[in-house]
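Content type compact mmCIF, C-alpha atoms (C1' of nucleotides), from the file entry33.txt:
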# COMPACT_ATOMS: atom_id res chain seq x y z
CA MET A 1 0.00 0.00 0.00
CA LEU A 2 1.17 3.47 -0.90
CA ARG A 3 1.77 6.05 1.73
CA THR A 4 -0.76 8.88 1.52
CA ASP A 5 1.70 11.49 0.28
CA ALA A 6 3.00 9.10 -2.34
CA ALA A 7 -0.52 8.37 -3.53
CA ARG A 8 -1.26 12.07 -3.73
CA ASN A 9 1.85 12.59 -5.81
CA ALA A 10 0.95 9.75 -8.15
CA ASP A 11 -2.50 11.25 -8.69
CA ALA A 12 -1.02 14.67 -9.34
CA VAL A 13 1.36 13.21 -11.88
CA LEU A 14 -1.46 11.40 -13.69
CA ALA A 15 -3.67 14.48 -13.82
CA THR A 16 -0.81 16.72 -14.88
CA ALA A 17 0.22 14.26 -17.56
CA ALA A 18 -3.30 14.31 -19.00
CA ARG A 19 -3.29 18.09 -19.07
CA LEU A 20 0.15 18.48 -20.66
CA LEU A 21 -0.19 15.61 -23.09
CA ALA A 22 -3.42 17.15 -24.35
CA GLU A 23 -1.50 20.20 -25.48
CA ASN A 24 1.73 18.52 -26.52
CA PRO A 25 1.86 14.76 -27.04
CA SER A 26 5.64 14.70 -26.68
CA VAL A 27 6.10 16.41 -23.33
CA SER A 28 9.03 15.02 -21.42
CA MET A 29 8.86 13.21 -18.11
CA ALA A 30 10.84 16.09 -16.59
CA GLU A 31 8.25 18.64 -17.64
CA ILE A 32 5.37 16.53 -16.37
CA GLY A 33 7.13 16.10 -13.05
CA ARG A 34 7.95 19.76 -12.71
CA ALA A 35 4.36 20.78 -13.48
CA ALA A 36 3.13 18.25 -10.94
CA GLY A 37 5.55 19.56 -8.33
CA VAL A 38 7.77 16.50 -8.06
CA ASP A 39 11.19 15.53 -9.30
CA ARG A 40 11.70 13.57 -12.47
CA SER A 41 13.04 10.64 -10.46
CA THR A 42 9.82 10.48 -8.48
CA VAL A 43 7.83 10.10 -11.66
CA TYR A 44 10.06 7.18 -12.65
CA ARG A 45 9.69 5.67 -9.18
CA ARG A 46 5.93 5.38 -9.62
CA PHE A 47 5.81 4.70 -13.35
CA PRO A 48 8.64 2.57 -14.67
CA SER A 49 8.62 4.16 -18.11
CA ARG A 50 7.00 6.93 -20.11
CA ASP A 51 4.79 4.39 -21.84
CA ALA A 52 3.72 3.04 -18.47
CA LEU A 53 2.73 6.53 -17.32
CA VAL A 54 0.76 7.20 -20.48
CA ALA A 55 -0.94 3.81 -20.22
CA ALA A 56 -1.82 4.40 -16.56
CA MET A 57 -3.27 7.78 -17.43
CA PHE A 58 -5.45 6.30 -20.16
CA GLU A 59 -6.57 3.61 -17.75
CA ALA A 60 -7.62 6.32 -15.29
CA LYS A 61 -9.58 8.08 -18.00
CA LEU A 62 -11.13 4.82 -19.15
CA ASP A 63 -12.14 4.05 -15.56
CA ALA A 64 -13.90 7.38 -15.30
CA ALA A 65 -15.59 6.92 -18.67
CA GLN A 66 -16.66 3.42 -17.72
CA GLN A 67 -18.34 4.72 -14.60
CA ALA A 68 -20.05 7.50 -16.55
CA ILE A 69 -21.49 5.09 -19.10
CA ASP A 70 -22.55 2.60 -16.46
CA GLU A 71 -24.30 5.25 -14.39
CA ALA A 72 -26.07 6.60 -17.46
CA ARG A 73 -27.62 3.13 -17.91
CA VAL A 74 -27.32 3.52 -21.65
CA GLU A 75 -28.83 0.10 -22.29
CA THR A 76 -31.95 0.43 -20.19
CA ALA A 77 -32.87 4.08 -19.54
CA PRO A 78 -35.19 5.90 -21.96
CA PHE A 79 -33.23 7.14 -24.95
CA ALA A 80 -33.25 10.86 -24.22
CA VAL A 81 -32.48 10.33 -20.55
CA ALA A 82 -29.60 7.99 -21.30
CA VAL A 83 -28.08 10.35 -23.85
CA HIS A 84 -28.29 13.34 -21.56
CA ARG A 85 -26.86 11.57 -18.54
CA PHE A 86 -24.06 10.16 -20.67
CA LEU A 87 -23.26 13.61 -22.06
CA GLU A 88 -23.23 15.41 -18.74
CA GLU A 89 -20.98 12.87 -17.06
CA MET A 90 -18.68 12.56 -20.04
CA ILE A 91 -18.22 16.31 -20.15
CA ARG A 92 -16.90 16.12 -16.59
CA VAL A 93 -14.69 13.17 -17.47
CA GLY A 94 -13.35 14.81 -20.60
CA ARG A 95 -12.48 17.98 -18.76
CA ARG A 96 -10.75 16.16 -15.93
CA TRP A 97 -8.81 14.05 -18.45
CA PRO A 98 -8.45 16.35 -21.44
CA VAL A 99 -6.06 14.08 -23.31
CA ASP A 100 -7.39 12.67 -26.55
CA MET A 101 -7.91 8.93 -26.90
CA SER A 102 -6.40 8.97 -30.39
CA LEU A 103 -2.95 9.22 -28.80
CA MET A 104 -3.50 5.74 -27.39
CA LEU A 105 -2.42 4.07 -30.61
CA GLN A 106 -1.70 0.39 -30.34
CA ASP A 107 -1.99 -0.14 -26.59
CA ALA A 108 -3.98 -3.33 -27.05
CA PRO A 109 -5.76 -3.75 -23.68
CA SER A 110 -6.78 -0.08 -23.36
CA ARG A 111 -7.89 0.06 -26.97
CA ALA A 112 -10.15 -2.90 -26.38
CA ARG A 113 -11.80 -1.15 -23.43
CA HIS A 114 -12.22 2.01 -25.44
CA ASP A 115 -13.74 0.17 -28.38
CA GLU A 116 -16.13 -1.58 -26.06
CA GLN A 117 -17.29 1.70 -24.55
CA ARG A 118 -17.74 3.17 -27.98
CA THR A 119 -19.77 0.19 -29.05
CA ARG A 120 -22.17 0.76 -26.18
CA ILE A 121 -22.76 4.31 -27.39
CA GLU A 122 -23.23 3.09 -30.93
CA ARG A 123 -25.87 0.68 -29.68
CA LEU A 124 -27.54 3.49 -27.76
CA VAL A 125 -27.81 5.54 -30.94
CA GLU A 126 -29.10 2.53 -32.86
CA ARG A 127 -31.80 2.17 -30.25
CA GLY A 128 -32.65 5.81 -30.87
CA ILE A 129 -33.05 4.98 -34.54
CA ARG A 130 -35.31 2.00 -33.82
CA ASP A 131 -37.40 4.13 -31.46
CA GLY A 132 -37.80 6.81 -34.12
CA ASP A 133 -35.89 9.45 -32.16
CA VAL A 134 -33.02 9.49 -34.65
CA ARG A 135 -33.06 9.31 -38.42
CA GLY A 136 -32.07 6.01 -39.93
CA ASP A 137 -31.37 7.23 -43.45
CA LEU A 138 -27.86 8.46 -42.63
CA PRO A 139 -24.57 6.67 -43.29
CA THR A 140 -23.79 4.01 -40.72
CA GLY A 141 -22.25 5.56 -37.66
CA TRP A 142 -22.82 9.16 -38.72
CA ALA A 143 -25.31 9.98 -35.97
CA CYS A 144 -23.02 8.50 -33.33
CA ASP A 145 -20.00 10.35 -34.70
CA VAL A 146 -21.94 13.61 -34.71
CA LEU A 147 -22.89 13.06 -31.09
CA LEU A 148 -19.28 12.44 -30.08
CA ALA A 149 -17.98 15.37 -32.13
CA LEU A 150 -20.43 17.72 -30.44
CA LEU A 151 -19.43 16.24 -27.09
CA ASP A 152 -15.78 17.00 -27.79
CA LEU A 153 -16.72 20.53 -28.69
CA ALA A 154 -18.53 21.05 -25.40
CA ILE A 155 -15.67 19.51 -23.46
CA HIS A 156 -12.76 21.46 -24.90
CA GLN A 157 -14.07 24.67 -26.40
CA TYR A 158 -16.90 25.71 -24.11
CA GLU A 159 -15.37 25.04 -20.74
CA ASP A 160 -17.09 28.07 -19.25
CA ILE A 161 -20.44 26.34 -19.72
CA GLU A 162 -21.21 24.01 -16.81
CA PRO A 163 -21.64 20.31 -17.61
CA GLY A 164 -25.43 20.42 -17.21
CA PRO A 165 -26.20 23.27 -19.60
CA ALA A 166 -23.45 22.08 -21.93
CA ALA A 167 -25.12 18.68 -22.12
CA ASP A 168 -28.42 20.43 -22.88
CA LEU A 169 -26.76 22.25 -25.73
CA VAL A 170 -25.12 19.18 -27.22
CA MET A 171 -28.33 17.20 -26.85
CA ASP A 172 -30.34 19.90 -28.59
CA SER A 173 -27.98 20.17 -31.54
CA PHE A 174 -27.65 16.41 -31.81
CA LEU A 175 -31.38 15.70 -31.76
CA ASN A 176 -32.06 18.38 -34.34
CA ALA A 177 -29.13 17.37 -36.54
CA THR A 178 -30.38 13.80 -36.67
CA ALA A 179 -34.09 14.39 -36.10
CA THR A 180 -36.77 12.36 -37.80
CA GLY A 181 -39.35 14.38 -39.66
CA ARG A 182 -42.21 13.57 -37.30
CA MET B 1 14.13 28.28 -60.18
CA LEU B 2 13.94 24.68 -59.09
CA ARG B 3 14.61 21.88 -61.49
CA THR B 4 11.46 19.87 -62.23
CA ASP B 5 12.57 16.74 -60.40
CA ALA B 6 13.59 18.81 -57.41
CA ALA B 7 10.22 20.54 -57.36
CA ARG B 8 8.45 17.20 -57.58
CA ASN B 9 10.48 15.92 -54.64
CA ALA B 10 9.71 19.02 -52.59
CA ASP B 11 5.99 18.56 -53.24
CA ALA B 12 6.17 14.90 -52.31
CA VAL B 13 7.93 15.76 -49.08
CA LEU B 14 5.30 18.35 -48.17
CA ALA B 15 2.40 16.02 -48.92
CA THR B 16 4.03 13.13 -47.10
CA ALA B 17 4.79 15.33 -44.12
CA ALA B 18 1.12 16.32 -43.89
CA ARG B 19 0.08 12.69 -43.98
CA LEU B 20 2.58 11.44 -41.41
CA LEU B 21 2.28 14.41 -39.08
CA ALA B 22 -1.47 13.88 -38.98
CA GLU B 23 -0.92 10.47 -37.44
CA ASN B 24 2.13 11.25 -35.35
CA PRO B 25 3.11 14.86 -34.64
CA SER B 26 6.66 13.86 -33.77
CA VAL B 27 7.68 11.91 -36.87
CA SER B 28 11.34 12.34 -37.68
CA MET B 29 12.74 13.97 -40.78
CA ALA B 30 14.22 10.60 -41.72
CA GLU B 31 10.82 8.91 -41.66
CA ILE B 32 9.21 11.68 -43.70
CA GLY B 33 11.99 11.46 -46.24
CA ARG B 34 11.82 7.69 -46.47
CA ALA B 35 8.03 7.75 -46.93
CA ALA B 36 8.43 10.40 -49.62
CA GLY B 37 11.08 8.35 -51.38
CA VAL B 38 14.03 10.66 -50.81
CA ASP B 39 17.02 10.71 -48.52
CA ARG B 40 17.01 12.58 -45.26
CA SER B 41 19.66 14.95 -46.59
CA THR B 42 17.42 15.89 -49.51
CA VAL B 43 14.71 16.94 -47.09
CA TYR B 44 17.22 19.18 -45.30
CA ARG B 45 18.42 20.53 -48.63
CA ARG B 46 14.96 21.88 -49.42
CA PHE B 47 13.84 22.76 -45.88
CA PRO B 48 16.60 24.09 -43.62
CA SER B 49 15.02 22.72 -40.45
CA ARG B 50 12.16 20.63 -39.20
CA ASP B 51 10.29 23.76 -38.15
CA ALA B 52 10.77 25.19 -41.64
CA LEU B 53 9.29 22.06 -43.19
CA VAL B 54 6.31 22.11 -40.86
CA ALA B 55 5.77 25.82 -41.50
CA ALA B 56 6.00 25.34 -45.28
CA MET B 57 3.48 22.52 -45.08
CA PHE B 58 1.03 24.66 -43.12
CA GLU B 59 1.52 27.45 -45.63
CA ALA B 60 0.64 25.03 -48.43
CA LYS B 61 -2.50 23.98 -46.59
CA LEU B 62 -3.41 27.58 -45.86
CA ASP B 63 -2.95 28.45 -49.55
CA ALA B 64 -5.36 25.69 -50.52
CA ALA B 65 -7.86 26.75 -47.86
CA GLN B 66 -7.58 30.36 -48.94
CA GLN B 67 -8.43 29.42 -52.48
CA ALA B 68 -11.37 27.29 -51.34
CA ILE B 69 -12.85 30.12 -49.28
CA ASP B 70 -12.29 32.66 -52.02
CA GLU B 71 -13.91 30.49 -54.66
CA ALA B 72 -16.87 29.81 -52.41
CA ARG B 73 -17.51 33.58 -52.33
CA VAL B 74 -18.55 33.30 -48.69
CA GLU B 75 -19.20 37.03 -48.43
CA THR B 76 -21.43 37.44 -51.45
CA ALA B 77 -23.03 34.16 -52.52
CA PRO B 78 -26.43 33.14 -51.08
CA PHE B 79 -25.95 31.55 -47.67
CA ALA B 80 -26.73 27.94 -48.53
CA VAL B 81 -24.70 28.09 -51.72
CA ALA B 82 -21.70 29.60 -49.98
CA VAL B 83 -21.79 27.03 -47.19
CA HIS B 84 -22.04 24.11 -49.55
CA ARG B 85 -19.28 25.30 -51.86
CA PHE B 86 -17.06 25.98 -48.86
CA LEU B 87 -17.72 22.52 -47.46
CA GLU B 88 -17.10 20.64 -50.67
CA GLU B 89 -13.84 22.39 -51.40
CA MET B 90 -12.62 22.22 -47.83
CA ILE B 91 -13.27 18.49 -47.77
CA ARG B 92 -10.87 18.16 -50.67
CA VAL B 93 -8.34 20.44 -48.99
CA GLY B 94 -8.59 18.65 -45.67
CA ARG B 95 -8.06 15.28 -47.27
CA ARG B 96 -5.09 16.42 -49.29
CA TRP B 97 -3.59 18.07 -46.18
CA PRO B 98 -4.86 15.88 -43.34
CA VAL B 99 -2.67 17.50 -40.69
CA ASP B 100 -4.53 19.35 -37.99
CA MET B 101 -4.11 23.11 -37.66
CA SER B 102 -3.89 22.84 -33.87
CA LEU B 103 -0.31 21.60 -34.27
CA MET B 104 0.58 25.02 -35.63
CA LEU B 105 0.91 26.50 -32.19
CA GLN B 106 2.76 29.78 -32.03
CA ASP B 107 3.82 30.20 -35.63
CA ALA B 108 2.73 33.83 -35.70
CA PRO B 109 2.31 34.56 -39.43
CA SER B 110 0.51 31.30 -40.23
CA ARG B 111 -1.70 31.63 -37.20
CA ALA B 112 -2.78 35.07 -38.35
CA ARG B 113 -3.79 33.70 -41.75
CA HIS B 114 -5.68 30.87 -40.13
CA ASP B 115 -7.51 33.18 -37.76
CA GLU B 116 -8.45 35.40 -40.65
CA GLN B 117 -9.89 32.49 -42.62
CA ARG B 118 -11.81 31.35 -39.60
CA THR B 119 -13.22 34.82 -39.10
CA ARG B 120 -14.59 34.78 -42.62
CA ILE B 121 -16.48 31.58 -41.84
CA GLU B 122 -17.74 33.04 -38.59
CA ARG B 123 -19.06 36.00 -40.51
CA LEU B 124 -20.71 33.66 -42.99
CA VAL B 125 -22.54 31.91 -40.18
CA GLU B 126 -23.54 35.23 -38.65
CA ARG B 127 -25.02 36.18 -41.96
CA GLY B 128 -26.98 32.94 -41.85
CA ILE B 129 -28.32 34.01 -38.46
CA ARG B 130 -29.34 37.45 -39.75
CA ASP B 131 -31.03 35.86 -42.74
CA GLY B 132 -32.96 33.52 -40.49
CA ASP B 133 -31.31 30.37 -41.83
CA VAL B 134 -29.53 29.67 -38.55
CA ARG B 135 -30.73 30.02 -34.97
CA GLY B 136 -29.45 33.01 -33.09
CA ASP B 137 -30.27 31.80 -29.58
CA LEU B 138 -27.15 29.64 -29.26
CA PRO B 139 -23.91 30.52 -27.49
CA THR B 140 -21.66 32.75 -29.55
CA GLY B 141 -19.68 30.72 -32.02
CA TRP B 142 -21.51 27.46 -31.36
CA ALA B 143 -23.09 27.20 -34.80
CA CYS B 144 -19.76 27.89 -36.49
CA ASP B 145 -17.96 25.36 -34.30
CA VAL B 146 -20.61 22.75 -35.07
CA LEU B 147 -20.15 23.37 -38.77
CA LEU B 148 -16.38 22.94 -38.53
CA ALA B 149 -16.65 19.88 -36.31
CA LEU B 150 -18.97 18.20 -38.81
CA LEU B 151 -16.58 19.19 -41.58
CA ASP B 152 -13.69 17.52 -39.77
CA LEU B 153 -15.79 14.41 -39.37
CA ALA B 154 -16.50 14.25 -43.10
CA ILE B 155 -12.86 14.88 -43.94
CA HIS B 156 -11.23 12.30 -41.71
CA GLN B 157 -13.75 9.61 -40.87
CA TYR B 158 -15.85 9.27 -44.00
CA GLU B 159 -13.19 9.36 -46.66
CA ASP B 160 -15.07 6.83 -48.76
CA ILE B 161 -17.80 9.40 -49.33
CA GLU B 162 -16.96 11.73 -52.22
CA PRO B 163 -16.60 15.44 -51.45
CA GLY B 164 -19.93 16.32 -53.06
CA PRO B 165 -22.18 13.89 -51.17
CA ALA B 166 -20.11 14.43 -48.01
CA ALA B 167 -20.79 18.15 -48.24
CA ASP B 168 -24.49 17.39 -48.66
CA LEU B 169 -24.40 15.32 -45.51
CA VAL B 170 -22.57 17.90 -43.42
CA MET B 171 -24.82 20.64 -44.74
CA ASP B 172 -27.94 18.66 -43.87
CA SER B 173 -26.82 17.91 -40.32
CA PHE B 174 -25.60 21.46 -39.80
CA LEU B 175 -28.77 23.13 -41.01
CA ASN B 176 -30.94 20.84 -38.91
CA ALA B 177 -28.74 21.14 -35.86
CA THR B 178 -28.95 24.90 -35.98
CA ALA B 179 -32.28 25.30 -37.75
CA THR B 180 -34.72 28.05 -36.94
CA GLY B 181 -38.23 26.90 -36.21
CA ARG B 182 -39.75 28.32 -39.34
C1' DC C 1 10.13 8.85 19.38
C1' DG C 2 11.70 5.70 15.82
C1' DA C 3 11.28 2.59 11.90
C1' DA C 4 9.67 2.46 7.42
C1' DT C 5 9.05 4.69 3.42
C1' DA C 6 9.24 8.62 0.15
C1' DT C 7 11.80 12.29 -1.66
C1' DA C 8 15.20 15.56 -4.27
C1' DA C 9 19.43 15.87 -6.33
C1' DG C 10 22.98 14.50 -9.06
C1' DA C 11 25.84 11.39 -11.92
C1' DC C 12 25.78 8.22 -15.57
C1' DA C 13 25.24 5.48 -20.03
C1' DC C 14 22.45 5.08 -23.89
C1' DT C 15 19.63 6.18 -27.61
C1' DG C 16 17.56 8.71 -31.37
C1' DA C 17 16.82 13.04 -33.67
C1' DT C 18 18.78 17.29 -35.50
C1' DG C 19 21.63 19.76 -38.44
C1' DT C 20 26.13 20.11 -41.28
C1' DC C 21 29.48 18.67 -44.53
C1' DG C 22 31.84 16.61 -48.58
C1' DC C 23 31.80 13.80 -52.45
C1' DA C 24 30.89 10.65 -56.22
C1' DG C 25 27.45 9.66 -59.31
C1' DA C 26 22.81 10.35 -61.36
C1' DT C 27 19.59 13.38 -63.71
C1' DC C 28 17.93 17.27 -66.01
C1' DA C 29 18.19 21.09 -69.37
C1' DT C 30 19.94 23.31 -73.58
C1' DA D 1 26.85 15.95 -75.04
C1' DT D 2 28.09 18.81 -71.61
C1' DG D 3 27.58 21.92 -67.89
C1' DA D 4 24.61 22.80 -64.14
C1' DT D 5 21.97 20.98 -60.76
C1' DC D 6 20.24 17.48 -57.86
C1' DT D 7 20.73 13.21 -55.21
C1' DG D 8 22.15 9.36 -52.05
C1' DC D 9 25.42 7.97 -48.85
C1' DG D 10 28.18 8.26 -45.05
C1' DA D 11 30.54 10.70 -41.35
C1' DC D 12 30.24 13.84 -37.80
C1' DA D 13 29.13 16.86 -33.69
C1' DT D 14 25.45 18.22 -30.77
C1' DC D 15 21.60 17.91 -28.00
C1' DA D 16 17.60 16.31 -25.43
C1' DG D 17 15.12 12.64 -23.54
C1' DT D 18 15.13 8.08 -21.29
C1' DG D 19 16.03 5.00 -17.76
C1' DT D 20 19.15 3.50 -13.72
C1' DC D 21 21.51 4.19 -9.61
C1' DT D 22 23.18 6.12 -5.13
C1' DT D 23 22.99 9.05 -1.24
C1' DA D 24 21.54 12.16 2.04
C1' DT D 25 17.40 14.21 3.73
C1' DA D 26 12.37 14.53 4.67
C1' DT D 27 7.91 12.81 5.70
C1' DT D 28 4.51 9.63 7.30
C1' DC D 29 2.72 6.63 10.61
C1' DG D 30 2.60 3.27 14.38

Can you dump the structure from the file as structure tokens?
Amino acid sequence: MLRTDAARNADAVLATAARLLAENPSVSMAEIGRAAGVDRSTVYRRFPSRDALVAAMFEAKLDAAQQAIDEARVETAPFAVAVHRFLEEMIRVGRRWPVDMSLMLQDAPSRARHDEQRTRIERLVERGIRDGDVRGDLPTGWACDVLLALLDLAIHQYEDIEPGPAADLVMDSFLNATATGR
Amino acid sequence: MLRTDAARNADAVLATAARLLAENPSVSMAEIGRAAGVDRSTVYRRFPSRDALVAAMFEAKLDAAQQAIDEARVETAPFAVAVHRFLEEMIRVGRRWPVDMSLMLQDAPSRARHDEQRTRIERLVERGIRDGDVRGDLPTGWACDVLLALLDLAIHQYEDIEPGPAADLVMDSFLNATATGR
DNA sequence: CGAATATAAGACACTGATGTCGCAGATCAT
DNA sequence: ATGATCTGCGACATCAGTGTCTTATATTCG
């Protein structure tokens, strides 16, 4: 078990890494450590390599995303409710872990988790199509991609809007963008 | 004046750099050269430094974008026509130069050009709001950001859709997402 | 308090990328 | 064809980042 100060440092390093890597994917371990208020050697003590740090950070983000999707009950809640809960929680997650998942290139285990989470959202949107809430005459995946693109927008470029209202906004644009005629 | 083979090599290096940098912002000069079919020293012969190569590549992309915006007559053509022409041409530009403009961080002159181009699109969307084609009750810039986010989607994730139909799709989602009630 | 654990600081070897140079041979233009 | 230009190849110095190690000091916690 980690001592409390050591655990606090490890958390700070992870959060700082997410923040710096979001802006510059090739930040050095020294810079991450400095920004987190610890020495470079301390970073290496907790994470044996740069890759290990990056992987751990993605795991932390994936954990948070997992919880958000689970709590949104995307498989069982009514469509609109599920989408909105997913959006609001994911806006929080995305802002706490601003790093983009596309940096996680061929990290097999993390990629599998990420793909699985994405699949659950795809299924949610497909349910929206079956229920008549979303148009079905669009290219496969388009509605889902639009939803996620709008989500990214709300996360990174409208940070002054609180998660709740931001989710409202994304939801509104998404439903209109992919609305059925009825 | 450059000899024709030298010019062809320079073009290949620029295009290859855009492609590789899009996937990995820290590709080496050697890798870019190899992918472009020339030696590392040839890359350095044409571009005195890595930064110079990256800057030249962004300039090439900005030139193409400039032409697309000019030809779309975004200030004078009817709103829907201007938007569609802009989208279709920018899809071509974005696919030929897949690198993301956010990598161009503090390159002052290029950034100014980019900001200027973006401002012209913002003004186009504002005209759409004045004309009643786009809702005006959204946060400032939201409609424009949605348009550009959908454009990025069409450029990078639906490459099998031709520029024309892809522009139709983006246009449709954009107009619905930001539609006025009327 | 005192033992266990965490830390900063510095030295070190290693690697890979950058940028420069010279040269022999290939390629283009006229 | 022949002079000018371009190229690949290899060598080289330089630099920054990685990862390892040791040591002396600081912090936590029982």

Between B:Asp107, B:Glu23, B:Glu89, B:Glu59, smallest distance to chain A by only C-alpha atoms belongs to B:Glu23

With a cut-off of 9 Å and counting only C-alpha atoms (C1' of nucleotides), select all residues of chain A in contact with chain D and give the selection as a PyMOL selection string.
chain A and resi 3-5+28-30+44+48-50

Would you list the residues near (-15.0, 27.1, -47.9) (no more than 7 Å away, in the coordinates of the file, using only C-alpha atoms (C1' of nucleotides)) as a ChimeraX atom specification?
/B:68-69,72,83,85-87,89-90

How far is it from atom CA of Ile32 of chain B to atom CA of Ala17 of chain B, in Å with one decimal?
5.7 Å

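Within 9 Å of chain C, and counting only C-alpha atoms (C1' of nucleotides), chain A contributes Arg3, Asp5, Ala6, Val38, Asp39, Ser41 and Thr42 of chain A.
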
Quick one: what's the axis-aligned box for segment 18-30 of chain D, all listed atoms, 6 Å on every side, centre and edges in Å to one decimal, as AutoDock Vina command-line options?
--center_x 12.9 --center_y 8.9 --center_z -3.5 --size_x 32.6 --size_y 23.3 --size_z 47.7

Nearest to chain B, restricted to only C-alpha atoms and choosing among A:Glu126, A:Phe47, A:Met57, A:Leu103, comes out as A:Leu103
